[in-house]
file structure_30.cif (mmCIF, C-alpha atoms)
data_data
#
loop_
_atom_site.label_atom_id
_atom_site.label_comp_id
_atom_site.auth_asym_id
_atom_site.auth_seq_id
_atom_site.Cartn_x
_atom_site.Cartn_y
_atom_site.Cartn_z
CA MET A 1 -21.09 24.06 -37.18
CA LYS A 2 -19.50 23.51 -40.61
CA TYR A 3 -16.03 24.05 -39.08
CA THR A 4 -16.57 21.47 -36.31
CA PRO A 5 -15.29 18.44 -38.34
CA ILE A 6 -12.22 20.44 -39.36
CA ILE A 7 -11.47 21.42 -35.75
CA ILE A 8 -11.95 17.87 -34.46
CA THR A 9 -9.81 16.42 -37.26
CA SER A 10 -7.07 18.98 -36.62
CA LEU A 11 -7.04 18.27 -32.88
CA THR A 12 -6.90 14.55 -33.54
CA LEU A 13 -3.96 14.96 -35.92
CA VAL A 14 -2.12 17.17 -33.43
CA ILE A 15 -2.60 14.60 -30.66
CA MET A 16 -1.48 11.75 -32.95
CA LEU A 17 1.62 13.64 -34.10
CA THR A 18 2.48 14.64 -30.54
CA HIS A 19 2.10 11.01 -29.44
CA ILE A 20 4.47 9.91 -32.23
CA ILE A 21 7.05 12.66 -31.63
CA LEU A 22 7.22 12.51 -27.84
CA PRO A 23 9.13 9.51 -26.42
CA ASP A 24 7.18 7.06 -24.30
CA ARG A 25 7.63 7.50 -20.57
CA GLU A 26 8.61 4.47 -18.54
CA PHE A 27 7.71 5.80 -15.09
CA SER A 28 5.34 8.41 -13.71
CA GLU A 29 6.87 10.08 -10.67
CA ASN A 30 3.60 11.87 -10.02
CA GLU A 31 1.60 8.62 -9.95
CA ASN A 32 4.53 6.61 -8.57
CA ARG A 33 4.06 3.71 -10.94
CA ILE A 34 5.51 2.08 -14.05
CA LEU A 35 3.64 3.08 -17.19
CA GLN A 36 2.41 0.63 -19.80
CA GLN A 37 4.75 0.32 -22.77
CA LEU A 38 3.73 -0.57 -26.34
CA PRO A 39 2.81 -4.27 -26.10
CA GLU A 40 4.20 -6.90 -28.43
CA MET A 41 1.60 -8.74 -30.46
CA SER A 42 1.29 -12.48 -29.98
CA LYS A 43 -1.34 -14.99 -31.00
CA ARG A 44 -2.07 -16.01 -27.41
CA GLU A 45 -2.54 -12.45 -26.19
CA LEU A 46 -4.69 -11.60 -29.19
CA LEU A 47 -6.99 -14.51 -28.46
CA ASN A 48 -7.32 -14.02 -24.70
CA GLY A 49 -7.80 -10.25 -24.95
CA ASP A 50 -4.58 -9.27 -23.14
CA PHE A 51 -3.21 -7.43 -26.18
CA SER A 52 -6.31 -5.27 -26.46
CA GLU A 53 -6.25 -4.49 -22.73
CA LYS A 54 -2.53 -3.63 -22.75
CA THR A 55 -2.95 -1.45 -25.84
CA SER A 56 -5.77 0.47 -24.17
CA SER A 57 -3.60 0.97 -21.05
CA TYR A 58 -0.68 2.05 -23.24
CA LEU A 59 -2.74 4.72 -25.01
CA ALA A 60 -4.07 6.03 -21.70
CA ASP A 61 -0.68 6.02 -19.94
CA GLN A 62 1.20 7.63 -22.83
CA PHE A 63 -1.48 10.17 -23.74
CA PRO A 64 0.19 13.55 -24.41
CA PHE A 65 0.02 16.03 -21.51
CA ARG A 66 -1.76 13.42 -19.40
CA ASP A 67 -0.94 15.06 -16.04
CA GLY A 68 -2.17 18.49 -17.13
CA ILE A 69 -5.39 17.09 -18.58
CA LEU A 70 -6.04 15.11 -15.38
CA SER A 71 -5.47 18.22 -13.28
CA ALA A 72 -7.87 20.25 -15.44
CA LYS A 73 -10.48 17.50 -15.23
CA THR A 74 -10.26 17.41 -11.43
CA THR A 75 -10.50 21.21 -11.19
CA PHE A 76 -13.61 21.24 -13.40
CA GLU A 77 -15.33 18.42 -11.50
CA LYS A 78 -14.62 20.06 -8.13
CA ALA A 79 -15.98 23.35 -9.47
CA THR A 80 -19.18 21.56 -10.51
CA PHE A 81 -19.54 20.05 -7.00
CA HIS A 82 -18.62 16.45 -7.80
CA SER A 83 -17.78 14.59 -4.59
CA LEU A 84 -16.48 11.40 -6.22
CA ILE A 85 -13.68 11.97 -8.76
CA ASN A 86 -11.62 9.16 -10.28
CA ASN A 87 -13.05 6.83 -7.62
CA VAL A 88 -11.87 9.14 -4.83
CA PHE A 89 -14.21 10.93 -2.42
CA ILE A 90 -13.55 14.63 -1.83
CA GLY A 91 -13.81 14.40 1.95
CA LYS A 92 -13.98 16.84 4.81
CA ASP A 93 -10.97 18.65 6.29
CA GLY A 94 -8.90 18.10 3.15
CA TYR A 95 -9.17 14.29 3.17
CA ARG A 96 -9.15 12.48 -0.15
CA ILE A 97 -10.50 8.98 0.48
CA GLU A 98 -10.33 6.07 -1.96
CA ASN A 99 -13.58 4.26 -2.66
CA TYR A 100 -13.72 0.54 -1.92
CA SER A 101 -14.63 -2.27 -4.30
CA PRO A 102 -15.72 -5.55 -2.73
CA SER A 103 -13.07 -8.25 -2.56
CA ASP A 104 -13.48 -11.20 -4.93
CA CYS A 105 -10.73 -13.27 -3.33
CA THR A 106 -12.16 -14.11 0.08
CA ARG A 107 -11.67 -17.85 -0.26
CA THR A 108 -8.24 -17.53 -1.89
CA VAL A 109 -6.93 -15.38 0.96
CA ALA A 110 -8.28 -17.77 3.58
CA LYS A 111 -6.97 -20.78 1.63
CA ASN A 112 -3.43 -19.41 1.49
CA VAL A 113 -3.43 -18.46 5.16
CA ASN A 114 -4.77 -21.90 6.10
CA THR A 115 -1.99 -23.45 4.01
CA LEU A 116 0.53 -21.84 6.36
CA VAL A 117 -1.40 -23.05 9.39
CA ASP A 118 -1.41 -26.64 8.12
CA ALA A 119 2.11 -26.79 6.66
CA THR A 120 4.17 -25.00 9.33
CA LYS A 121 4.73 -25.31 13.04
CA ALA A 122 4.68 -21.55 13.51
CA LYS A 123 1.86 -19.60 15.09
CA VAL A 124 0.10 -18.00 12.11
CA GLU A 125 -1.68 -14.68 12.56
CA LEU A 126 -3.84 -12.73 10.12
CA MET A 127 -4.16 -8.97 10.46
CA LEU A 128 -6.39 -7.19 7.95
CA VAL A 129 -6.48 -3.41 8.18
CA PRO A 130 -9.49 -1.36 7.06
CA THR A 131 -8.66 1.71 5.00
CA ALA A 132 -9.82 5.28 5.58
CA ILE A 133 -13.18 4.68 3.83
CA GLU A 134 -14.14 2.45 6.78
CA SER A 135 -12.24 4.02 9.66
CA LEU A 136 -12.82 7.68 8.80
CA SER A 137 -16.47 7.52 7.81
CA ASP A 138 -17.00 10.94 9.42
CA LYS A 139 -14.67 12.46 6.80
CA THR A 140 -16.52 11.15 3.74
CA PRO A 141 -19.30 13.18 2.09
CA VAL A 142 -22.74 12.69 3.64
CA PHE A 143 -24.20 11.12 0.49
CA SER A 144 -21.45 8.46 0.34
CA GLU A 145 -22.97 6.33 3.10
CA GLY A 146 -24.37 3.23 1.47
CA VAL A 147 -22.66 4.00 -1.85
CA HIS A 148 -19.60 1.90 -1.11
CA PRO A 149 -19.75 -1.70 0.17
CA SER A 150 -18.70 -2.47 3.71
CA GLN A 151 -15.08 -3.45 4.15
CA LEU A 152 -15.91 -4.92 7.54
CA GLU A 153 -18.31 -7.40 5.96
CA ASP A 154 -15.60 -8.66 3.61
CA LEU A 155 -13.01 -8.59 6.40
CA ASN A 156 -15.20 -10.63 8.74
CA ASN A 157 -15.97 -13.12 5.97
CA ILE A 158 -12.25 -13.75 5.52
CA TYR A 159 -11.72 -14.02 9.26
CA SER A 160 -14.55 -16.53 9.52
CA LEU A 161 -12.84 -18.79 6.96
CA SER A 162 -9.37 -18.35 8.46
CA ASN A 163 -7.87 -20.96 10.77
CA ALA A 164 -5.17 -18.51 11.85
CA ASP A 165 -5.23 -16.35 14.96
CA ASN A 166 -7.14 -13.32 13.69
CA ILE A 167 -6.01 -9.96 15.07
CA SER A 168 -8.91 -7.54 15.20
CA SER A 169 -8.68 -5.11 18.14
CA HIS A 170 -6.99 -2.49 15.94
CA ILE A 171 -10.16 -2.13 13.86
CA ALA A 172 -12.17 -0.37 16.57
CA ALA A 173 -9.09 1.51 17.78
CA LEU A 174 -8.53 3.06 14.35
CA LYS A 175 -12.17 4.09 14.08
CA LYS A 176 -12.40 5.62 17.56
CA SER A 177 -9.01 7.27 17.72
CA ASP A 178 -8.74 11.06 17.75
CA ARG A 179 -5.24 10.78 16.29
CA LYS A 180 -4.35 11.28 12.64
CA THR A 181 -4.35 7.57 11.75
CA TYR A 182 -4.47 7.97 7.94
CA TYR A 183 -2.88 10.44 5.58
CA ARG A 184 -5.10 13.04 3.90
CA THR A 185 -3.58 12.50 0.45
CA ASP A 186 -2.34 8.90 0.58
CA HIS A 187 -3.88 5.44 1.00
CA HIS A 188 -1.56 4.31 3.82
CA TRP A 189 -2.08 4.51 7.55
CA THR A 190 0.23 6.90 9.37
CA SER A 191 2.84 5.90 11.95
CA GLU A 192 0.28 6.78 14.62
CA GLY A 193 -2.18 4.39 13.00
CA ALA A 194 0.50 1.69 12.72
CA TYR A 195 1.26 2.14 16.44
CA LEU A 196 -2.36 1.23 17.23
CA GLY A 197 -1.89 -1.87 15.06
CA TYR A 198 1.30 -2.64 16.98
CA LEU A 199 -0.62 -2.52 20.29
CA ALA A 200 -3.15 -5.00 18.88
CA PHE A 201 -0.33 -7.30 17.75
CA CYS A 202 1.24 -7.17 21.21
CA ARG A 203 -2.05 -8.05 22.89
CA GLU A 204 -2.45 -11.12 20.65
CA ASN A 205 1.10 -12.27 21.41
CA GLU A 206 1.15 -11.36 25.11
CA ILE A 207 4.04 -8.97 24.52
CA GLU A 208 4.62 -5.91 26.69
CA PRO A 209 4.41 -3.08 24.13
CA GLN A 210 6.90 -0.25 24.12
CA PRO A 211 5.30 3.04 25.23
CA GLU A 212 5.44 5.96 22.84
CA SER A 213 7.86 7.62 25.26
CA ALA A 214 10.43 4.95 24.30
CA PHE A 215 10.63 6.43 20.80
CA ASP A 216 12.02 9.64 19.42
CA ILE A 217 9.00 10.76 17.42
CA LYS A 218 10.15 13.10 14.67
CA THR A 219 8.49 14.84 11.76
CA VAL A 220 10.75 13.86 8.86
CA THR A 221 8.90 15.87 6.20
CA GLN A 222 6.01 18.31 5.96
CA CYS A 223 5.50 18.21 2.21
CA PHE A 224 4.20 14.69 1.54
CA LYS A 225 1.68 14.34 -1.27
CA GLY A 226 0.68 10.70 -1.65
CA THR A 227 -0.87 8.31 -4.13
CA ILE A 228 -4.41 9.67 -3.84
CA TYR A 229 -3.17 13.19 -4.54
CA SER A 230 -1.55 11.75 -7.66
CA LYS A 231 -4.79 10.09 -8.79
CA LEU A 232 -6.49 13.49 -8.74
CA ASN A 233 -3.44 15.64 -9.57
CA GLU A 234 -4.94 18.56 -7.69
CA GLY A 235 -3.21 21.88 -7.78
CA GLY A 236 -2.80 24.05 -4.71
CA GLU A 237 -2.97 21.26 -2.14
CA THR A 238 -0.51 21.69 0.69
CA GLY A 239 1.68 18.80 1.74
CA GLU A 240 1.35 16.93 5.02
CA GLN A 241 3.62 15.50 7.67
CA ILE A 242 5.24 12.11 7.87
CA LYS A 243 6.20 11.19 11.42
CA ALA A 244 8.62 8.42 12.31
CA TYR A 245 8.96 6.58 15.62
CA LEU A 246 12.75 6.37 15.79
CA LYS A 247 14.79 4.26 18.19
CA ASP A 248 18.51 3.67 18.57
CA GLU A 249 18.99 -0.05 17.94
CA ASP A 250 21.93 -2.15 16.78
CA LEU A 251 20.41 -3.70 13.67
CA GLU A 252 21.80 -5.69 10.78
CA ILE A 253 19.53 -5.42 7.75
CA LYS A 254 19.70 -6.89 4.28
CA TYR A 255 17.35 -5.44 1.67
CA ASP A 256 17.47 -8.25 -0.91
CA SER A 257 21.25 -8.13 -1.52
CA LYS A 258 21.93 -4.63 -0.10
CA SER A 259 23.20 -4.34 3.48
CA SER A 260 22.26 -1.55 5.88
CA ASN A 261 21.86 -0.73 9.56
CA SER A 262 18.77 1.45 9.18
CA LEU A 263 15.07 0.80 8.69
CA TYR A 264 14.78 4.13 6.90
CA ASN A 265 16.08 5.63 3.66
CA TYR A 266 16.22 9.42 3.99
CA ASP A 267 16.95 9.85 0.27
CA TYR A 268 13.27 9.22 -0.46
CA LEU A 269 12.30 12.34 1.49
CA GLU A 270 13.74 14.35 -1.40
CA LYS A 271 11.55 12.49 -3.92
CA LYS A 272 7.87 12.33 -4.71
CA ASP A 273 7.52 8.84 -3.19
CA LYS A 274 8.25 9.92 0.38
CA TYR A 275 6.44 6.98 2.01
CA SER A 276 9.26 4.77 0.72
CA PHE A 277 11.36 6.35 3.48
CA PHE A 278 10.03 3.41 5.50
CA LEU A 279 11.89 0.14 4.88
CA ASP A 280 13.60 1.45 1.74
CA ASN A 281 10.58 1.07 -0.55
CA ILE A 282 9.71 -2.39 -1.91
CA HIS A 283 11.91 -5.47 -1.65
CA THR A 284 11.27 -9.16 -2.19
CA LEU A 285 12.95 -10.10 1.08
CA VAL A 286 14.11 -7.94 3.96
CA GLN A 287 16.12 -9.67 6.69
CA ILE A 288 16.45 -7.90 10.03
CA LYS A 289 18.64 -9.03 12.91
CA ASN A 290 18.62 -7.36 16.33
CA LYS A 291 21.36 -8.81 18.50
CA ASN A 292 19.92 -6.98 21.53
CA ALA A 293 16.30 -8.06 21.08
CA GLN A 294 14.17 -9.03 24.08
CA SER A 295 13.98 -12.63 22.81
CA ASP A 296 15.65 -15.11 20.47
CA LYS A 297 12.40 -15.59 18.54
CA THR A 298 11.93 -15.41 14.78
CA LEU A 299 9.07 -13.62 13.02
CA VAL A 300 8.12 -13.88 9.34
CA VAL A 301 5.91 -11.10 7.94
CA ILE A 302 4.04 -11.60 4.65
CA LYS A 303 2.79 -8.20 3.73
CA ASP A 304 1.84 -5.26 1.58
CA SER A 305 3.21 -1.73 2.03
CA TYR A 306 1.11 -1.10 5.17
CA ALA A 307 3.76 -3.13 7.00
CA ASN A 308 6.58 -0.79 6.02
CA CYS A 309 5.90 1.71 8.81
CA PHE A 310 4.69 -1.08 11.13
CA ILE A 311 7.84 -3.27 11.14
CA PRO A 312 10.02 -0.81 13.12
CA PHE A 313 7.82 -1.29 16.18
CA LEU A 314 8.54 -5.05 16.21
CA THR A 315 12.33 -5.12 16.09
CA ALA A 316 12.75 -4.91 19.87
CA HIS A 317 10.78 -8.12 20.37
CA TYR A 318 12.38 -10.50 17.81
CA LYS A 319 15.98 -11.41 17.14
CA TYR A 320 15.18 -12.22 13.52
CA ILE A 321 12.47 -10.70 11.34
CA TYR A 322 11.99 -11.77 7.71
CA VAL A 323 9.74 -9.48 5.65
CA ILE A 324 8.40 -11.00 2.43
CA ASP A 325 6.60 -9.45 -0.52
CA PRO A 326 4.86 -12.48 -2.08
CA ARG A 327 4.38 -10.71 -5.42
CA SER A 328 8.04 -11.27 -6.29
CA PHE A 329 9.02 -14.03 -3.86
CA THR A 330 9.43 -17.13 -6.04
CA ASP A 331 10.38 -19.74 -3.44
CA SER A 332 7.92 -21.77 -1.40
CA LEU A 333 6.70 -19.69 1.54
CA THR A 334 6.01 -22.75 3.66
CA GLU A 335 9.50 -24.16 3.02
CA PHE A 336 11.07 -20.79 3.86
CA ILE A 337 9.12 -20.53 7.13
CA ASN A 338 10.08 -24.04 8.15
CA GLU A 339 13.71 -23.53 7.16
CA LYS A 340 13.96 -20.41 9.35
CA LYS A 341 12.15 -22.20 12.22
CA ALA A 342 9.84 -19.24 12.59
CA ASP A 343 7.98 -18.92 15.87
CA THR A 344 5.34 -16.60 14.42
CA VAL A 345 4.07 -15.74 10.94
CA LEU A 346 2.12 -12.51 10.49
CA VAL A 347 0.08 -11.93 7.32
CA LEU A 348 -0.58 -8.18 7.22
CA TYR A 349 -2.61 -6.52 4.44
CA ASN A 350 -4.93 -3.58 4.02
CA MET A 351 -8.36 -4.36 2.63
CA ASN A 352 -7.97 -2.40 -0.61
CA THR A 353 -4.92 -4.45 -1.63
CA LEU A 354 -6.38 -7.93 -1.44
CA SER A 355 -8.11 -8.22 -4.80
CA GLU A 356 -5.25 -6.56 -6.71
CA ASP A 357 -2.28 -8.26 -5.04
CA THR A 358 -0.80 -10.92 -7.31
CA GLY A 359 1.21 -12.36 -4.45
CA MET A 360 -1.84 -12.86 -2.29
CA MET A 361 -3.57 -14.59 -5.20
CA GLY A 362 -0.66 -16.97 -5.89
CA GLU A 363 0.27 -20.37 -4.43
CA TRP A 364 2.03 -20.29 -1.07
CA PHE A 365 3.23 -23.89 -0.95
#
call {"tool": "encode", "arguments": {"input": "structure_30.cif", "output": "structure tokens"}}
result
Amino acid sequence: MKYTPIIITSLTLVIMLTHIILPDREFSENENRILQQLPEMSKRELLNGDFSEKTSSYLADQFPFRDGILSAKTTFEKATFHSLINNVFIGKDGYRIENYSPSDCTRTVAKNVNTLVDATKAKVELMLVPTAIESLSDKTPVFSEGVHPSQLEDLNNIYSLSNADNISSHIAALKKSDRKTYYRTDHHWTSEGAYLGYLAFCRENEIEPQPESAFDIKTVTQCFKGTIYSKLNEGGETGEQIKAYLKDEDLEIKYDSKSSNSLYNYDYLEKKDKYSFFLDNIHTLVQIKNKNAQSDKTLVVIKDSYANCFIPFLTAHYKYIYVIDPRSFTDSLTEFINEKKADTVLVLYNMNTLSEDTGMMGEWF
């Protein structure tokens, strides 16, 4: 026992020296996110607590050998039969399912959607997508029932306050489907799940949906390890497939200022962030023109990343599609919609994003 203080002090010094010697990382490819950098001190941030919070995040993000320590922690907790690790359930059949925290922005979401209804002439639709914790309840551990709050309760509360046309038939379809509608190691729905959402969208808009036979369904990778895998940093997990519903269309696309003719970026299949294959990752504004579309109509989509594998199903039905990420879109959404003379506006989000999305929480005027 008399050597314990010496050992602890030595370990602390080693960690401190390692932290000083090693350069700070700006990006974690494993976690697919920007890491907190050393914050600058200011009087305002000291007083409101932001400096303390950023410093805590900086120390956690830049902790030496963070990935290895996280992997060891996950291995130990699995070995000791923990079923909830880092807020992720160790589910059946290899599923890793994010827990759900209740939304605290119900009224803000409804308020922003209702702003579009009141300030534009377009038909405004709201489509909220439950995540795997709700749709794949049979894959979660038995004890987890009742541990997490109901997404459907929050979803229905938002729908009840919304003056938009609420799309909801996909909710039951996702739950009842025998397809692989969510990834095992990622928080997104799969292309098969997005296709069920597309069918629900078509029903709401009285559009004849394209059958699956109209697409060339290809497996573009078999080694995808997504964001939930990264949260646990498990070793030994095999990758999974990403399927794409491909179609030969004459498209003109502008990703912010970059021009393209494809809804897909195959370069991402060689990287950790393989889901960014869809719609070339994240952009403030994506403009899609299909000269051979079935109509001359215009659609505006306000969205999170769940829309990235969903948008390709819609291109056949609209001549113009504008895809907006409100987190970085600085213009007035209502003015943009009116300027483009949009026929339809679709607000598409998954339920886990709502409380964290800064765009959803902002002003949409």
call {"tool": "resolve_selection", "arguments": {"input": "structure_30.cif", "expression": "the PyMOL selection byres ((chain A and resi 111-122) around 6)", "output": "MDAnalysis selection string"}}
result
chainID A and resid 107:110 123:124 163 342:344
call {"tool": "closest_atom_pairs", "arguments": {"input": "structure_30.cif", "of": "stretch 125-163 of chain A", "to": "stretch 85-98 of chain A", "cutoff": "7 Å", "atoms": "only C-alpha atoms", "output": "JSON lines"}}
result
{"residue": "A:Ala132", "atom": "CA", "partner": "A:Ile97", "partner_atom": "CA", "distance": 6.3}
{"residue": "A:Ile133", "atom": "CA", "partner": "A:Ile97", "partner_atom": "CA", "distance": 6.1}
{"residue": "A:Lys139", "atom": "CA", "partner": "A:Lys92", "partner_atom": "CA", "distance": 4.9}
{"residue": "A:Thr140", "atom": "CA", "partner": "A:Gly91", "partner_atom": "CA", "distance": 4.6}
{"residue": "A:Pro141", "atom": "CA", "partner": "A:Gly91", "partner_atom": "CA", "distance": 5.6}
call {"tool": "write_last_selection", "arguments": {"input": "structure_30.cif", "atoms": "C-alpha atoms", "output": "CSV table (one decimal), keeping the file's coordinate frame"}}
result
chain,number,residue,atom,x,y,z
A,132,ALA,CA,-9.8,5.3,5.6
A,133,ILE,CA,-13.2,4.7,3.8
A,139,LYS,CA,-14.7,12.5,6.8
A,140,THR,CA,-16.5,11.2,3.7
A,141,PRO,CA,-19.3,13.2,2.1
call {"tool": "closest_residue", "arguments": {"input": "structure_30.cif", "among": "A:Lys271, A:His188, A:Arg179, A:Lys297", "to": "A:Cys309", "atoms": "all atoms listed in the file"}}
result
A:His188
call {"tool": "closest_residue", "arguments": {"input": "structure_30.cif", "among": "A:Leu84, A:Ile158, A:Ala316, A:Leu196", "to": "A:Lys175", "atoms": "only C-alpha atoms"}}
result
A:Leu196
call {"tool": "closest_residue", "arguments": {"input": "structure_30.cif", "among": "A:Val301, A:Ile228, A:Val286, A:Ile171", "to": "A:Asn99", "atoms": "all atoms listed in the file"}}
result
A:Ile228
call {"tool": "resolve_selection", "arguments": {"input": "structure_30.cif", "expression": "the PyMOL selection byres ((chain A and resi 134) around 8)", "output": "NGL selection string"}}
result
:A and (130-133 or 135-137 or 150-152 or 175)
call {"tool": "write_last_selection", "arguments": {"input": "structure_30.cif", "atoms": "C-alpha atoms", "output": "PDB file, keeping the file's coordinate frame"}}
result
ATOM      1  CA  PRO A 130      -9.490  -1.360   7.060  1.00  0.00           C
ATOM      2  CA  THR A 131      -8.660   1.710   5.000  1.00  0.00           C
ATOM      3  CA  ALA A 132      -9.820   5.280   5.580  1.00  0.00           C
ATOM      4  CA  ILE A 133     -13.180   4.680   3.830  1.00  0.00           C
ATOM      5  CA  SER A 135     -12.240   4.020   9.660  1.00  0.00           C
ATOM      6  CA  LEU A 136     -12.820   7.680   8.800  1.00  0.00           C
ATOM      7  CA  SER A 137     -16.470   7.520   7.810  1.00  0.00           C
ATOM      8  CA  SER A 150     -18.700  -2.470   3.710  1.00  0.00           C
ATOM      9  CA  GLN A 151     -15.080  -3.450   4.150  1.00  0.00           C
ATOM     10  CA  LEU A 152     -15.910  -4.920   7.540  1.00  0.00           C
ATOM     11  CA  LYS A 175     -12.170   4.090  14.080  1.00  0.00           C
TER      12      LYS A 175
END
call {"tool": "closest_residue", "arguments": {"input": "structure_30.cif", "among": "A:Lys225, A:Ile207, A:Thr315, A:Lys231", "to": "A:Glu252", "atoms": "all atoms listed in the file"}}
result
A:Thr315
call {"tool": "closest_residue", "arguments": {"input": "structure_30.cif", "among": "A:Val347, A:Ser42, A:Ile242, A:Ile167", "to": "A:Leu333", "atoms": "all atoms listed in the file"}}
result
A:Val347
call {"tool": "residues_around", "arguments": {"input": "structure_30.cif", "residues": "A:Ser213", "least_positions_apart": "4", "cutoff": "12 Å", "atoms": "all atoms listed in the file", "output": "NGL selection string"}}
result
:A and (209 or 217 or 245-247)
call {"tool": "atom_distance", "arguments": {"input": "structure_30.cif", "atom1": "atom CA of A:Ser52", "atom2": "atom CA of A:Pro326"}}
result
27.8 Å
call {"tool": "residues_around", "arguments": {"input": "structure_30.cif", "residues": "A:Tyr268", "least_positions_apart": "5", "cutoff": "9 Å", "atoms": "all atoms listed in the file", "output": "ChimeraX atom specification"}}
result
/A:273-278,280-281
call {"tool": "residues_near_point", "arguments": {"input": "structure_30.cif", "point": "(5.6, -6.3, -1.4)", "cutoff": "6 Å", "atoms": "all atoms listed in the file", "output": "PyMOL selection string"}}
result
chain A and resi 282+304+325
